[in-house]
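K.L.:
My structure is below; once you've seen it, I'll send some questions.
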Amino acid sequence: MGAVIDILSTTLYNDVTVYDGLIFFTVVLLSVLVARFIRLYLHKMFREKVAPDILSILEKIVYYAVIIIGVISVLPQIGVNLTGLLVAGGVIGVVIGFASQSVVSNLISGLFLVFERPVRIGDQINVEETSGFVEDIRILSTIVRTYDGIYVRIPNEKVFSSNITNYVANAARRFEYIIGISYSDDAQKAIQVIQNVLEDHPFALQNPSPNVFVDSLGDSSVNIAVRVWVPSVVWYEVRTQLLWKLKTALVTEGITIPFPQRVVHLPQKSEVS
Amino acid sequence: MFGSYNFGTSFNVNRITIETYEDNGLYIYHRKSDPDIKKIISAPTAIMVHPVEPVTQPKEITHFLLIGLKKPILLSPRSTITYFVTFPVEIAIYASVNEQIEHIDCFTLTHPKYTLYGTPTKGHICKGWKSDVYHTIPEVDAVREGVLKVTLHNVSNGWAELKKIVVDAYYMKIFYSEFASMNAVVTVLSKISAKTTFLDQPISTGMEKAVELFRLRKIPIVEKAEFTMRWGL
C-alpha cells in the first residue's frame, strides 16, 4: 500500500504527480464515454426526425463539445494554466469570430431550422422571391429546386430570418374559382352541376365540404364562387384540372358562360332632331 | 377472383379482363380496361391477385382510411361489442418467382373519394368510405367491398358516440377467400379519442393472408402499432 502511495505521489513535472495524471486520464476517458453515450442517445432519438446528414453533424458537434469541456475542466490538474489559455483562446476566438461571422450565423440558423422544422425535404416553399421544392437542408444552406428546375442555394440565415411560406405544411388547402354564367341561366341548376362535378372528383375533399354559391351580380354575368378544399400535395394538379371539367359540365348542361356585354341604346332619328 | 394464376391464363374482374400471354417471345401482362395497361415480364411467372391496403388508388397520397358509419354507434360505459362494417377493395397483381414477389399492377372498381380527419392544420388526409353497420358478416360485392370486423372496447366511464373509424394502412392485415376481410380493434378512450389497431387473425376460418404492400416495399413499420384518433369520433 505504501509503495502504491509512493508511486502516486511521484512528481512527474513541476507539482504534477502520477495521481494528477491518473485523474486527468480518468476524466478524459469518462468524457469520451459520456460523449459516446450522448451521441448514441441523440442518434436513437432523432434518427427518424432529422435528416441523416444533419443528424451526423449534430452528433459530431455534441460529441466533441462534451470531450472538449471534459478536457478543459481537468487541465488544471496537470498544471495547465487556463488563464493564459483563455486569453490566447479569447484573442483567437475574436479573430475567428470576425472571420467566420456569417458561417456561424448560417450554422446556428441551420440548427434552429432543424429543430423548429418550418420546412422539410420535399416541401414546396417560398422564401423571399424563390419558390420551389426543398431538395436538401444542409448545415449552412438550404437547397431549393425551383418549379422550372433551377438549383438555388439559400444561406440558412436568410431562410431563418425571412418569411417562409410552406405550401404543404398543412394537410389540406383551399382554392377558389369565380365562374360567371349568363343572367338568363338558372343559377341553382349551375350550382347543382358544379356540386356534381366536385362530388365526382376524388380529391375534392368531402370534409371540409366544398362551398358553391352566387357571389355577385356582375356587369355581364351572375358570378358563382366555387371554394374547394383539396389535399395540399395535389393542390396544383387539381386546381389546373378542375376548372375545365366544370366548364365542360356547365356547357353540356346548356349553361352559358357569357362574354362581357354592353347594351347600347341608339337614339331614334326623331329624338336626334 | 383472389388467388394465384399460372402464366397464360385469363380472367375477368367485372368488365376488366386480366391476361398473361406470350407475344413474339415477349411475356406480356395485360389489363384490358380504361386505361389499358400492358407490361413485359421477363419470365412466364405465375401471377397473384390479392386485395391490397385500400389507399393506393387513384394516387397514393395518404395511408389513412376513414370509414364513416351511416348510423352512429352509441357505446355504453365500460362495454365491449363486435360489429362488421365494409371497406373499399383495391386489387393488386403480383408476379411471383421462388417466393420473390413483385408488384405489377393495382386497380379498384370503387369510386375513390378523399376526406380530412381533423383540421387542415393538424389533421390527416384519409381515403373516405361510407358503410352500414352489421351484426353479422354481411354479403358484399367482393370486387368492390371487403368486410371489417370491429371489436369496440369503450374503456371510458361515459357513453361515447362513434361516427367514424380511422385506421392506418401501414398496420392492416388483410385476409381473403371469396371476399377480403380485416380484423380491427377500436379502443374508445373518451368521447373524442380512440385507438385503432389490427389483429393478425382472419375473421373466419379458411382465409388466406394477403401480401402486405407496405412490407413488400420494405417500409419500416412499427410492430403492433396503433393509430390514435384524437380529433373526434
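Here, A, B, ... name the chains of the C-alpha cells in the order displayed, residue numbers run from 1 inside each chain, and ligands are numbered from 1 in the same displayed order.
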Would you mind writing down, as a short mmCIF file (atom, residue, chain, number, x, y, z; two decimals) with all heavy atoms, in the first residue's frame, each residue of region 111-236 of chain A that DSSP on the backbone assigns to strand (DSSP E or B)?
P.N.:
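Saved the output as result.cif:
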data_model
loop_
_atom_site.label_atom_id
_atom_site.label_comp_id
_atom_site.auth_asym_id
_atom_site.auth_seq_id
_atom_site.Cartn_x
_atom_site.Cartn_y
_atom_site.Cartn_z
N GLN A 124 -42.96 22.18 -50.63
CA GLN A 124 -42.98 23.27 -51.62
C GLN A 124 -43.03 24.58 -50.84
O GLN A 124 -43.97 24.79 -50.07
CB GLN A 124 -44.21 23.15 -52.51
CG GLN A 124 -44.18 21.92 -53.39
CD GLN A 124 -45.46 21.79 -54.20
OE1 GLN A 124 -45.86 22.72 -54.88
NE2 GLN A 124 -46.09 20.65 -54.12
N ILE A 125 -42.01 25.41 -51.04
CA ILE A 125 -41.92 26.62 -50.21
C ILE A 125 -41.68 27.86 -51.06
O ILE A 125 -41.34 27.76 -52.25
CB ILE A 125 -40.79 26.52 -49.16
CG1 ILE A 125 -39.42 26.36 -49.84
CG2 ILE A 125 -41.04 25.36 -48.21
CD1 ILE A 125 -38.26 26.72 -48.95
N ASN A 126 -41.84 29.00 -50.41
CA ASN A 126 -41.43 30.27 -50.99
C ASN A 126 -40.64 31.03 -49.94
O ASN A 126 -41.13 31.22 -48.82
CB ASN A 126 -42.66 31.09 -51.42
CG ASN A 126 -42.26 32.45 -51.93
OD1 ASN A 126 -42.04 33.37 -51.14
ND2 ASN A 126 -42.13 32.60 -53.22
N VAL A 127 -39.40 31.37 -50.29
CA VAL A 127 -38.58 32.19 -49.40
C VAL A 127 -38.15 33.40 -50.21
O VAL A 127 -37.49 33.26 -51.23
CB VAL A 127 -37.32 31.42 -48.91
CG1 VAL A 127 -36.44 32.32 -48.07
CG2 VAL A 127 -37.72 30.20 -48.11
N THR A 130 -37.90 33.17 -54.06
CA THR A 130 -37.62 31.83 -54.57
C THR A 130 -38.73 30.87 -54.18
O THR A 130 -39.03 30.71 -52.99
CB THR A 130 -36.27 31.32 -54.01
OG1 THR A 130 -35.27 32.29 -54.30
CG2 THR A 130 -35.89 29.99 -54.62
N SER A 131 -39.32 30.24 -55.18
CA SER A 131 -40.36 29.23 -54.92
C SER A 131 -39.93 27.91 -55.53
O SER A 131 -39.33 27.89 -56.61
CB SER A 131 -41.68 29.64 -55.57
OG SER A 131 -42.18 30.78 -54.97
N GLY A 132 -40.25 26.83 -54.86
CA GLY A 132 -39.93 25.51 -55.42
C GLY A 132 -39.93 24.44 -54.36
O GLY A 132 -40.49 24.61 -53.27
N PHE A 133 -39.29 23.31 -54.70
CA PHE A 133 -39.24 22.16 -53.80
C PHE A 133 -37.94 22.20 -52.98
O PHE A 133 -36.87 22.48 -53.53
CB PHE A 133 -39.24 20.86 -54.61
CG PHE A 133 -40.50 20.66 -55.40
CD1 PHE A 133 -40.59 21.10 -56.72
CD2 PHE A 133 -41.59 20.02 -54.84
CE1 PHE A 133 -41.75 20.92 -57.45
CE2 PHE A 133 -42.75 19.83 -55.56
CZ PHE A 133 -42.84 20.28 -56.88
N VAL A 134 -38.05 21.89 -51.70
CA VAL A 134 -36.85 21.81 -50.87
C VAL A 134 -36.14 20.49 -51.21
O VAL A 134 -36.69 19.41 -51.03
CB VAL A 134 -37.20 21.83 -49.36
CG1 VAL A 134 -35.95 21.66 -48.51
CG2 VAL A 134 -37.91 23.12 -49.02
N GLU A 135 -34.93 20.62 -51.74
CA GLU A 135 -34.18 19.42 -52.13
C GLU A 135 -33.34 18.91 -50.97
O GLU A 135 -33.17 17.72 -50.79
CB GLU A 135 -33.24 19.76 -53.30
CG GLU A 135 -33.96 19.94 -54.61
CD GLU A 135 -34.40 18.63 -55.21
OE1 GLU A 135 -33.53 17.82 -55.57
OE2 GLU A 135 -35.62 18.41 -55.31
N ASP A 136 -32.79 19.84 -50.18
CA ASP A 136 -31.91 19.44 -49.09
C ASP A 136 -31.82 20.57 -48.06
O ASP A 136 -31.89 21.74 -48.43
CB ASP A 136 -30.51 19.13 -49.65
CG ASP A 136 -29.73 18.21 -48.74
OD1 ASP A 136 -30.24 17.88 -47.66
OD2 ASP A 136 -28.60 17.82 -49.10
N ILE A 137 -31.69 20.19 -46.81
CA ILE A 137 -31.43 21.19 -45.76
C ILE A 137 -30.07 20.84 -45.19
O ILE A 137 -29.92 19.85 -44.47
CB ILE A 137 -32.52 21.18 -44.68
CG1 ILE A 137 -33.91 21.41 -45.29
CG2 ILE A 137 -32.23 22.23 -43.61
CD1 ILE A 137 -35.05 21.15 -44.37
N SER A 141 -26.75 25.78 -45.55
CA SER A 141 -27.64 26.30 -46.59
C SER A 141 -28.80 25.35 -46.86
O SER A 141 -28.75 24.17 -46.50
CB SER A 141 -26.85 26.52 -47.88
OG SER A 141 -26.32 25.28 -48.31
N THR A 142 -29.82 25.90 -47.49
CA THR A 142 -30.98 25.11 -47.90
C THR A 142 -31.03 25.13 -49.42
O THR A 142 -30.88 26.19 -50.04
CB THR A 142 -32.27 25.70 -47.31
OG1 THR A 142 -32.18 25.62 -45.89
CG2 THR A 142 -33.50 24.94 -47.77
N ILE A 143 -31.20 23.95 -50.00
CA ILE A 143 -31.20 23.84 -51.46
C ILE A 143 -32.64 23.74 -51.95
O ILE A 143 -33.41 22.90 -51.48
CB ILE A 143 -30.41 22.59 -51.92
CG1 ILE A 143 -29.01 22.56 -51.30
CG2 ILE A 143 -30.34 22.52 -53.45
CD1 ILE A 143 -28.16 23.78 -51.58
N VAL A 144 -32.98 24.61 -52.88
CA VAL A 144 -34.34 24.63 -53.44
C VAL A 144 -34.25 24.40 -54.94
O VAL A 144 -33.39 24.96 -55.62
CB VAL A 144 -35.03 25.99 -53.15
CG1 VAL A 144 -36.36 26.09 -53.87
CG2 VAL A 144 -35.23 26.17 -51.65
N ARG A 145 -35.14 23.50 -55.44
CA ARG A 145 -35.27 23.32 -56.89
C ARG A 145 -36.51 24.08 -57.30
O ARG A 145 -37.61 23.75 -56.88
CB ARG A 145 -35.41 21.83 -57.23
CG ARG A 145 -35.68 21.57 -58.70
CD ARG A 145 -35.58 20.08 -59.02
NE ARG A 145 -36.32 19.25 -58.09
CZ ARG A 145 -37.59 18.89 -58.25
NH1 ARG A 145 -38.27 19.31 -59.28
NH2 ARG A 145 -38.18 18.12 -57.36
N THR A 146 -36.34 25.14 -58.08
CA THR A 146 -37.49 25.95 -58.45
C THR A 146 -38.40 25.16 -59.39
O THR A 146 -38.01 24.12 -59.92
CB THR A 146 -37.05 27.26 -59.15
OG1 THR A 146 -36.38 26.90 -60.37
CG2 THR A 146 -36.14 28.08 -58.28
N TYR A 151 -31.49 25.14 -59.77
CA TYR A 151 -30.88 24.90 -58.46
C TYR A 151 -30.63 26.23 -57.77
O TYR A 151 -29.98 27.10 -58.34
CB TYR A 151 -29.58 24.13 -58.69
CG TYR A 151 -28.67 23.96 -57.49
CD1 TYR A 151 -28.62 22.74 -56.82
CD2 TYR A 151 -27.82 24.97 -57.07
CE1 TYR A 151 -27.77 22.56 -55.75
CE2 TYR A 151 -26.97 24.81 -55.99
CZ TYR A 151 -26.95 23.59 -55.33
OH TYR A 151 -26.11 23.41 -54.27
N VAL A 152 -31.19 26.39 -56.58
CA VAL A 152 -30.95 27.63 -55.83
C VAL A 152 -30.45 27.26 -54.43
O VAL A 152 -31.08 26.46 -53.74
CB VAL A 152 -32.25 28.47 -55.71
CG1 VAL A 152 -31.97 29.76 -54.93
CG2 VAL A 152 -32.81 28.81 -57.08
N ARG A 153 -29.32 27.86 -54.06
CA ARG A 153 -28.78 27.64 -52.71
C ARG A 153 -29.07 28.90 -51.89
O ARG A 153 -28.65 30.00 -52.25
CB ARG A 153 -27.28 27.40 -52.78
CG ARG A 153 -26.61 27.24 -51.43
CD ARG A 153 -25.10 27.23 -51.59
NE ARG A 153 -24.43 27.17 -50.30
CZ ARG A 153 -24.18 28.21 -49.52
NH1 ARG A 153 -24.58 29.41 -49.88
NH2 ARG A 153 -23.56 28.06 -48.36
N ILE A 154 -29.83 28.71 -50.79
CA ILE A 154 -30.16 29.86 -49.95
C ILE A 154 -29.45 29.68 -48.61
O ILE A 154 -29.63 28.64 -47.96
CB ILE A 154 -31.69 29.96 -49.70
CG1 ILE A 154 -32.45 29.85 -51.03
CG2 ILE A 154 -32.04 31.24 -48.98
CD1 ILE A 154 -33.95 29.77 -50.86
N PRO A 155 -28.63 30.65 -48.19
CA PRO A 155 -27.98 30.52 -46.87
C PRO A 155 -29.04 30.38 -45.78
O PRO A 155 -30.09 31.03 -45.83
CB PRO A 155 -27.22 31.85 -46.72
CG PRO A 155 -27.08 32.37 -48.11
CD PRO A 155 -28.27 31.90 -48.87
N ILE A 164 -41.21 32.58 -44.44
CA ILE A 164 -41.25 31.32 -45.19
C ILE A 164 -42.71 30.97 -45.43
O ILE A 164 -43.50 30.92 -44.49
CB ILE A 164 -40.59 30.18 -44.40
CG1 ILE A 164 -39.14 30.52 -44.06
CG2 ILE A 164 -40.67 28.86 -45.16
CD1 ILE A 164 -38.49 29.51 -43.12
N THR A 165 -43.06 30.72 -46.68
CA THR A 165 -44.39 30.20 -46.98
C THR A 165 -44.22 28.73 -47.34
O THR A 165 -43.53 28.41 -48.30
CB THR A 165 -45.02 30.95 -48.17
OG1 THR A 165 -44.97 32.35 -47.88
CG2 THR A 165 -46.46 30.54 -48.39
N ASN A 166 -44.81 27.86 -46.54
CA ASN A 166 -44.74 26.43 -46.83
C ASN A 166 -46.11 26.01 -47.34
O ASN A 166 -47.09 26.00 -46.59
CB ASN A 166 -44.36 25.66 -45.57
CG ASN A 166 -44.07 24.20 -45.86
OD1 ASN A 166 -44.62 23.63 -46.80
ND2 ASN A 166 -43.20 23.59 -45.08
N ALA A 172 -54.46 20.10 -45.75
CA ALA A 172 -55.41 20.47 -46.82
C ALA A 172 -55.29 21.96 -47.12
O ALA A 172 -54.90 22.76 -46.27
CB ALA A 172 -56.82 20.13 -46.40
N ARG A 173 -55.64 22.29 -48.34
CA ARG A 173 -55.53 23.67 -48.82
C ARG A 173 -56.74 23.99 -49.67
O ARG A 173 -57.28 23.09 -50.33
CB ARG A 173 -54.28 23.77 -49.69
CG ARG A 173 -53.44 24.95 -49.43
CD ARG A 173 -52.26 24.93 -50.35
NE ARG A 173 -52.19 26.20 -51.05
CZ ARG A 173 -51.34 26.46 -52.02
NH1 ARG A 173 -50.50 25.53 -52.42
NH2 ARG A 173 -51.32 27.63 -52.60
N ARG A 174 -57.16 25.24 -49.70
CA ARG A 174 -58.36 25.60 -50.45
C ARG A 174 -57.99 26.44 -51.66
O ARG A 174 -56.97 27.12 -51.65
CB ARG A 174 -59.28 26.42 -49.54
CG ARG A 174 -60.71 26.46 -50.01
CD ARG A 174 -61.52 27.39 -49.15
NE ARG A 174 -61.21 28.79 -49.44
CZ ARG A 174 -61.85 29.82 -48.91
NH1 ARG A 174 -62.81 29.62 -48.03
NH2 ARG A 174 -61.52 31.06 -49.23
N PHE A 175 -58.80 26.34 -52.70
CA PHE A 175 -58.69 27.31 -53.79
C PHE A 175 -60.08 27.76 -54.20
O PHE A 175 -61.07 27.15 -53.79
CB PHE A 175 -57.89 26.76 -54.99
CG PHE A 175 -58.50 25.59 -55.68
CD1 PHE A 175 -59.53 25.75 -56.59
CD2 PHE A 175 -58.04 24.31 -55.43
CE1 PHE A 175 -60.09 24.66 -57.24
CE2 PHE A 175 -58.58 23.22 -56.07
CZ PHE A 175 -59.61 23.40 -56.98
N GLU A 176 -60.12 28.82 -54.99
CA GLU A 176 -61.42 29.39 -55.35
C GLU A 176 -61.46 29.73 -56.84
O GLU A 176 -60.46 30.20 -57.39
CB GLU A 176 -61.67 30.66 -54.53
CG GLU A 176 -63.01 31.31 -54.83
CD GLU A 176 -63.23 32.60 -54.03
OE1 GLU A 176 -63.72 32.51 -52.91
OE2 GLU A 176 -62.90 33.67 -54.56
N TYR A 177 -62.59 29.42 -57.45
CA TYR A 177 -62.86 29.89 -58.81
C TYR A 177 -64.05 30.82 -58.74
O TYR A 177 -64.94 30.62 -57.92
CB TYR A 177 -63.28 28.73 -59.72
CG TYR A 177 -62.29 27.62 -59.95
CD1 TYR A 177 -62.71 26.29 -59.81
CD2 TYR A 177 -61.00 27.86 -60.37
CE1 TYR A 177 -61.85 25.24 -60.05
CE2 TYR A 177 -60.12 26.82 -60.62
CZ TYR A 177 -60.55 25.51 -60.46
OH TYR A 177 -59.70 24.48 -60.70
N ILE A 178 -64.06 31.77 -59.63
CA ILE A 178 -65.29 32.56 -59.84
C ILE A 178 -65.75 32.23 -61.26
O ILE A 178 -65.02 32.45 -62.23
CB ILE A 178 -65.04 34.08 -59.71
CG1 ILE A 178 -64.53 34.43 -58.30
CG2 ILE A 178 -66.31 34.86 -60.04
CD1 ILE A 178 -65.54 34.26 -57.18
N ILE A 179 -66.94 31.64 -61.35
CA ILE A 179 -67.46 31.23 -62.67
C ILE A 179 -68.68 32.09 -62.99
O ILE A 179 -69.66 32.10 -62.22
CB ILE A 179 -67.82 29.73 -62.68
CG1 ILE A 179 -66.56 28.91 -62.39
CG2 ILE A 179 -68.46 29.33 -64.00
CD1 ILE A 179 -66.81 27.43 -62.24
N GLY A 180 -68.61 32.82 -64.09
CA GLY A 180 -69.72 33.67 -64.49
C GLY A 180 -70.67 32.92 -65.42
O GLY A 180 -70.21 32.31 -66.39
N ILE A 181 -71.98 32.96 -65.12
CA ILE A 181 -72.96 32.35 -66.04
C ILE A 181 -73.91 33.44 -66.51
O ILE A 181 -74.01 34.51 -65.88
CB ILE A 181 -73.75 31.19 -65.36
CG1 ILE A 181 -74.57 31.72 -64.17
CG2 ILE A 181 -72.82 30.07 -64.92
CD1 ILE A 181 -75.63 30.75 -63.70
N ASN A 211 -67.81 24.68 -51.09
CA ASN A 211 -68.79 25.74 -50.89
C ASN A 211 -69.06 26.39 -52.25
O ASN A 211 -68.14 26.94 -52.86
CB ASN A 211 -68.16 26.76 -49.92
CG ASN A 211 -69.20 27.59 -49.22
OD1 ASN A 211 -70.38 27.43 -49.49
ND2 ASN A 211 -68.77 28.46 -48.33
N VAL A 212 -70.29 26.29 -52.73
CA VAL A 212 -70.65 26.84 -54.04
C VAL A 212 -71.84 27.77 -53.85
O VAL A 212 -72.87 27.34 -53.33
CB VAL A 212 -71.03 25.70 -55.03
CG1 VAL A 212 -71.26 26.26 -56.43
CG2 VAL A 212 -69.95 24.62 -55.07
N PHE A 213 -71.69 29.02 -54.26
CA PHE A 213 -72.78 29.98 -54.03
C PHE A 213 -72.68 31.15 -55.01
O PHE A 213 -71.62 31.41 -55.58
CB PHE A 213 -72.74 30.50 -52.59
CG PHE A 213 -71.45 31.16 -52.23
CD1 PHE A 213 -71.30 32.54 -52.32
CD2 PHE A 213 -70.36 30.42 -51.80
CE1 PHE A 213 -70.10 33.16 -51.98
CE2 PHE A 213 -69.15 31.03 -51.47
CZ PHE A 213 -69.03 32.39 -51.56
N VAL A 214 -73.83 31.83 -55.20
CA VAL A 214 -73.82 33.04 -56.05
C VAL A 214 -73.12 34.14 -55.27
O VAL A 214 -73.54 34.53 -54.18
CB VAL A 214 -75.26 33.46 -56.42
CG1 VAL A 214 -75.23 34.79 -57.17
CG2 VAL A 214 -75.92 32.40 -57.28
N ASP A 215 -72.02 34.61 -55.83
CA ASP A 215 -71.15 35.53 -55.10
C ASP A 215 -71.48 36.99 -55.40
O ASP A 215 -71.47 37.83 -54.52
CB ASP A 215 -69.69 35.22 -55.48
CG ASP A 215 -68.71 36.06 -54.70
OD1 ASP A 215 -68.83 36.07 -53.47
OD2 ASP A 215 -67.84 36.68 -55.32
N SER A 216 -71.77 37.24 -56.67
CA SER A 216 -72.06 38.63 -57.03
C SER A 216 -72.82 38.68 -58.35
O SER A 216 -72.80 37.72 -59.13
CB SER A 216 -70.77 39.45 -57.14
OG SER A 216 -69.98 38.92 -58.19
N LEU A 217 -73.48 39.79 -58.57
CA LEU A 217 -74.17 40.02 -59.85
C LEU A 217 -73.30 40.99 -60.65
O LEU A 217 -73.23 42.18 -60.34
CB LEU A 217 -75.56 40.60 -59.60
CG LEU A 217 -76.47 39.71 -58.72
CD1 LEU A 217 -77.77 40.42 -58.40
CD2 LEU A 217 -76.75 38.38 -59.41
N VAL A 222 -73.78 36.38 -63.86
CA VAL A 222 -74.03 36.04 -62.45
C VAL A 222 -72.79 35.26 -62.01
O VAL A 222 -72.47 34.22 -62.60
CB VAL A 222 -75.30 35.18 -62.32
CG1 VAL A 222 -75.47 34.71 -60.87
CG2 VAL A 222 -76.52 35.95 -62.79
N ASN A 223 -72.09 35.75 -61.03
CA ASN A 223 -70.81 35.13 -60.65
C ASN A 223 -71.00 34.12 -59.52
O ASN A 223 -71.48 34.48 -58.43
CB ASN A 223 -69.82 36.20 -60.23
CG ASN A 223 -69.46 37.10 -61.40
OD1 ASN A 223 -69.36 36.64 -62.54
ND2 ASN A 223 -69.31 38.38 -61.16
N ILE A 224 -70.60 32.89 -59.81
CA ILE A 224 -70.72 31.82 -58.81
C ILE A 224 -69.32 31.56 -58.24
O ILE A 224 -68.37 31.31 -58.99
CB ILE A 224 -71.30 30.54 -59.45
CG1 ILE A 224 -72.73 30.83 -59.93
CG2 ILE A 224 -71.28 29.38 -58.46
CD1 ILE A 224 -73.36 29.70 -60.68
N ALA A 225 -69.23 31.59 -56.92
CA ALA A 225 -67.95 31.28 -56.26
C ALA A 225 -67.91 29.79 -55.96
O ALA A 225 -68.88 29.21 -55.49
CB ALA A 225 -67.81 32.09 -54.99
N VAL A 226 -66.77 29.17 -56.27
CA VAL A 226 -66.58 27.74 -56.00
C VAL A 226 -65.35 27.62 -55.11
O VAL A 226 -64.24 27.93 -55.54
CB VAL A 226 -66.36 26.96 -57.32
CG1 VAL A 226 -66.21 25.47 -57.04
CG2 VAL A 226 -67.48 27.21 -58.30
N ARG A 227 -65.55 27.23 -53.88
CA ARG A 227 -64.42 27.07 -52.95
C ARG A 227 -64.26 25.59 -52.62
O ARG A 227 -65.20 24.97 -52.13
CB ARG A 227 -64.67 27.87 -51.67
CG ARG A 227 -64.64 29.36 -51.95
CD ARG A 227 -64.95 30.17 -50.73
NE ARG A 227 -64.92 31.60 -51.05
CZ ARG A 227 -65.40 32.55 -50.29
NH1 ARG A 227 -65.95 32.23 -49.13
NH2 ARG A 227 -65.33 33.80 -50.65
N VAL A 228 -63.07 25.08 -52.91
CA VAL A 228 -62.83 23.64 -52.78
C VAL A 228 -61.59 23.40 -51.92
O VAL A 228 -60.54 24.01 -52.16
CB VAL A 228 -62.59 22.99 -54.17
CG1 VAL A 228 -62.63 21.48 -54.07
CG2 VAL A 228 -63.59 23.48 -55.18
N TRP A 229 -61.71 22.50 -50.96
CA TRP A 229 -60.55 22.05 -50.19
C TRP A 229 -60.00 20.80 -50.84
O TRP A 229 -60.77 19.89 -51.18
CB TRP A 229 -60.96 21.75 -48.75
CG TRP A 229 -61.18 22.95 -47.92
CD1 TRP A 229 -62.37 23.63 -47.77
CD2 TRP A 229 -60.22 23.65 -47.12
NE1 TRP A 229 -62.19 24.71 -46.93
CE2 TRP A 229 -60.89 24.74 -46.51
CE3 TRP A 229 -58.87 23.46 -46.86
CZ2 TRP A 229 -60.24 25.62 -45.66
CZ3 TRP A 229 -58.23 24.35 -46.01
CH2 TRP A 229 -58.91 25.41 -45.42
N VAL A 230 -58.69 20.75 -50.99
CA VAL A 230 -58.04 19.56 -51.58
C VAL A 230 -56.79 19.23 -50.76
O VAL A 230 -56.25 20.09 -50.07
CB VAL A 230 -57.65 19.79 -53.07
CG1 VAL A 230 -58.86 19.97 -53.94
CG2 VAL A 230 -56.71 20.97 -53.21
N PRO A 231 -56.32 17.98 -50.85
CA PRO A 231 -55.05 17.65 -50.17
C PRO A 231 -53.95 18.56 -50.71
O PRO A 231 -53.84 18.77 -51.93
CB PRO A 231 -54.80 16.19 -50.56
CG PRO A 231 -56.15 15.65 -50.92
CD PRO A 231 -56.91 16.79 -51.52
#
K.L.:
Could you list, as a ChimeraX atom specification, every residue of chain B that has an atom within 10 Å of an atom of chain A, counting only C-alpha atoms?
P.N.:
/B:57-59,61-62,111-128
K.L.:
Give me a file of those residues, with N, CA, C and O atoms, as a short mmCIF file (atom, residue, chain, number, x, y, z; two decimals), in the first residue's frame.
P.N.:
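Output saved as part-v3.cif:
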data_model
loop_
_atom_site.label_atom_id
_atom_site.label_comp_id
_atom_site.auth_asym_id
_atom_site.auth_seq_id
_atom_site.Cartn_x
_atom_site.Cartn_y
_atom_site.Cartn_z
N GLN B 57 -55.19 3.92 -54.66
CA GLN B 57 -55.83 4.39 -55.90
C GLN B 57 -56.72 5.59 -55.63
O GLN B 57 -57.39 5.63 -54.59
N PRO B 58 -56.79 6.58 -56.49
CA PRO B 58 -56.11 6.69 -57.78
C PRO B 58 -54.64 7.13 -57.64
O PRO B 58 -53.88 7.01 -58.59
N LYS B 59 -54.27 7.63 -56.46
CA LYS B 59 -52.90 8.09 -56.26
C LYS B 59 -52.60 7.93 -54.78
O LYS B 59 -53.46 8.23 -53.94
N ILE B 61 -51.65 9.16 -51.79
CA ILE B 61 -51.32 10.43 -51.13
C ILE B 61 -51.48 10.34 -49.62
O ILE B 61 -51.22 11.30 -48.90
N THR B 62 -51.97 9.22 -49.14
CA THR B 62 -52.16 9.06 -47.70
C THR B 62 -52.08 7.58 -47.35
O THR B 62 -52.15 6.73 -48.25
N HIS B 111 -65.49 4.04 -56.40
CA HIS B 111 -65.23 5.45 -56.70
C HIS B 111 -64.43 6.05 -55.54
O HIS B 111 -64.95 6.17 -54.42
N PRO B 112 -63.18 6.40 -55.78
CA PRO B 112 -62.38 6.92 -54.66
C PRO B 112 -62.78 8.34 -54.28
O PRO B 112 -63.15 9.14 -55.15
N LYS B 113 -62.74 8.61 -53.02
CA LYS B 113 -63.05 9.96 -52.53
C LYS B 113 -62.26 10.21 -51.25
O LYS B 113 -62.22 9.34 -50.37
N TYR B 114 -61.66 11.36 -51.18
CA TYR B 114 -60.82 11.66 -50.02
C TYR B 114 -61.52 12.64 -49.07
O TYR B 114 -62.42 13.37 -49.48
N THR B 115 -61.08 12.60 -47.84
CA THR B 115 -61.66 13.48 -46.84
C THR B 115 -60.58 13.85 -45.83
O THR B 115 -59.49 13.28 -45.85
N LEU B 116 -60.92 14.80 -44.98
CA LEU B 116 -59.95 15.24 -43.97
C LEU B 116 -60.43 14.80 -42.60
O LEU B 116 -61.59 15.04 -42.23
N TYR B 117 -59.56 14.17 -41.84
CA TYR B 117 -59.87 13.86 -40.45
C TYR B 117 -59.10 14.86 -39.59
O TYR B 117 -57.87 14.90 -39.65
N GLY B 118 -59.83 15.65 -38.82
CA GLY B 118 -59.17 16.69 -38.02
C GLY B 118 -59.28 18.03 -38.72
O GLY B 118 -60.21 18.27 -39.51
N THR B 119 -58.34 18.90 -38.46
CA THR B 119 -58.37 20.24 -39.03
C THR B 119 -57.32 20.34 -40.16
O THR B 119 -56.39 19.53 -40.19
N PRO B 120 -57.46 21.33 -41.04
CA PRO B 120 -56.45 21.46 -42.11
C PRO B 120 -55.03 21.61 -41.56
O PRO B 120 -54.07 21.17 -42.18
N THR B 121 -54.88 22.21 -40.37
CA THR B 121 -53.53 22.41 -39.84
C THR B 121 -52.98 21.18 -39.11
O THR B 121 -51.79 20.95 -39.13
N LYS B 122 -53.86 20.42 -38.48
CA LYS B 122 -53.36 19.31 -37.67
C LYS B 122 -53.92 17.95 -38.06
O LYS B 122 -53.60 16.95 -37.42
N GLY B 123 -54.76 17.91 -39.06
CA GLY B 123 -55.44 16.65 -39.37
C GLY B 123 -54.69 15.76 -40.35
O GLY B 123 -53.52 16.01 -40.68
N HIS B 124 -55.38 14.72 -40.78
CA HIS B 124 -54.82 13.77 -41.74
C HIS B 124 -55.76 13.66 -42.94
O HIS B 124 -56.97 13.55 -42.76
N ILE B 125 -55.18 13.64 -44.13
CA ILE B 125 -55.97 13.32 -45.32
C ILE B 125 -56.23 11.81 -45.28
O ILE B 125 -55.32 11.02 -45.03
N CYS B 126 -57.48 11.43 -45.52
CA CYS B 126 -57.84 10.00 -45.46
C CYS B 126 -58.59 9.61 -46.72
O CYS B 126 -59.31 10.43 -47.29
N LYS B 127 -58.44 8.39 -47.13
CA LYS B 127 -59.34 7.83 -48.14
C LYS B 127 -60.68 7.65 -47.42
O LYS B 127 -60.72 7.08 -46.33
N GLY B 128 -61.75 8.14 -48.02
CA GLY B 128 -63.05 8.08 -47.35
C GLY B 128 -63.91 6.93 -47.85
O GLY B 128 -63.77 6.48 -49.00
#
K.L.:
Could you pull the residues within 7 Å of Pro88 (chain B), counting only C-alpha atoms, minus those fewer than 2 positions along the same chain, as a ChimeraX atom specification?
P.N.:
/B:54,86,90,110,129,144-146
K.L.:
Report, in Å to a single decimal, how far apart CA of Ser182 (chain A) and CA of Ser220 (chain A) are.
P.N.:
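For CA of Ser220 (chain A) relative to CA of Ser182 (chain A), the distance reads 7.3 Å.
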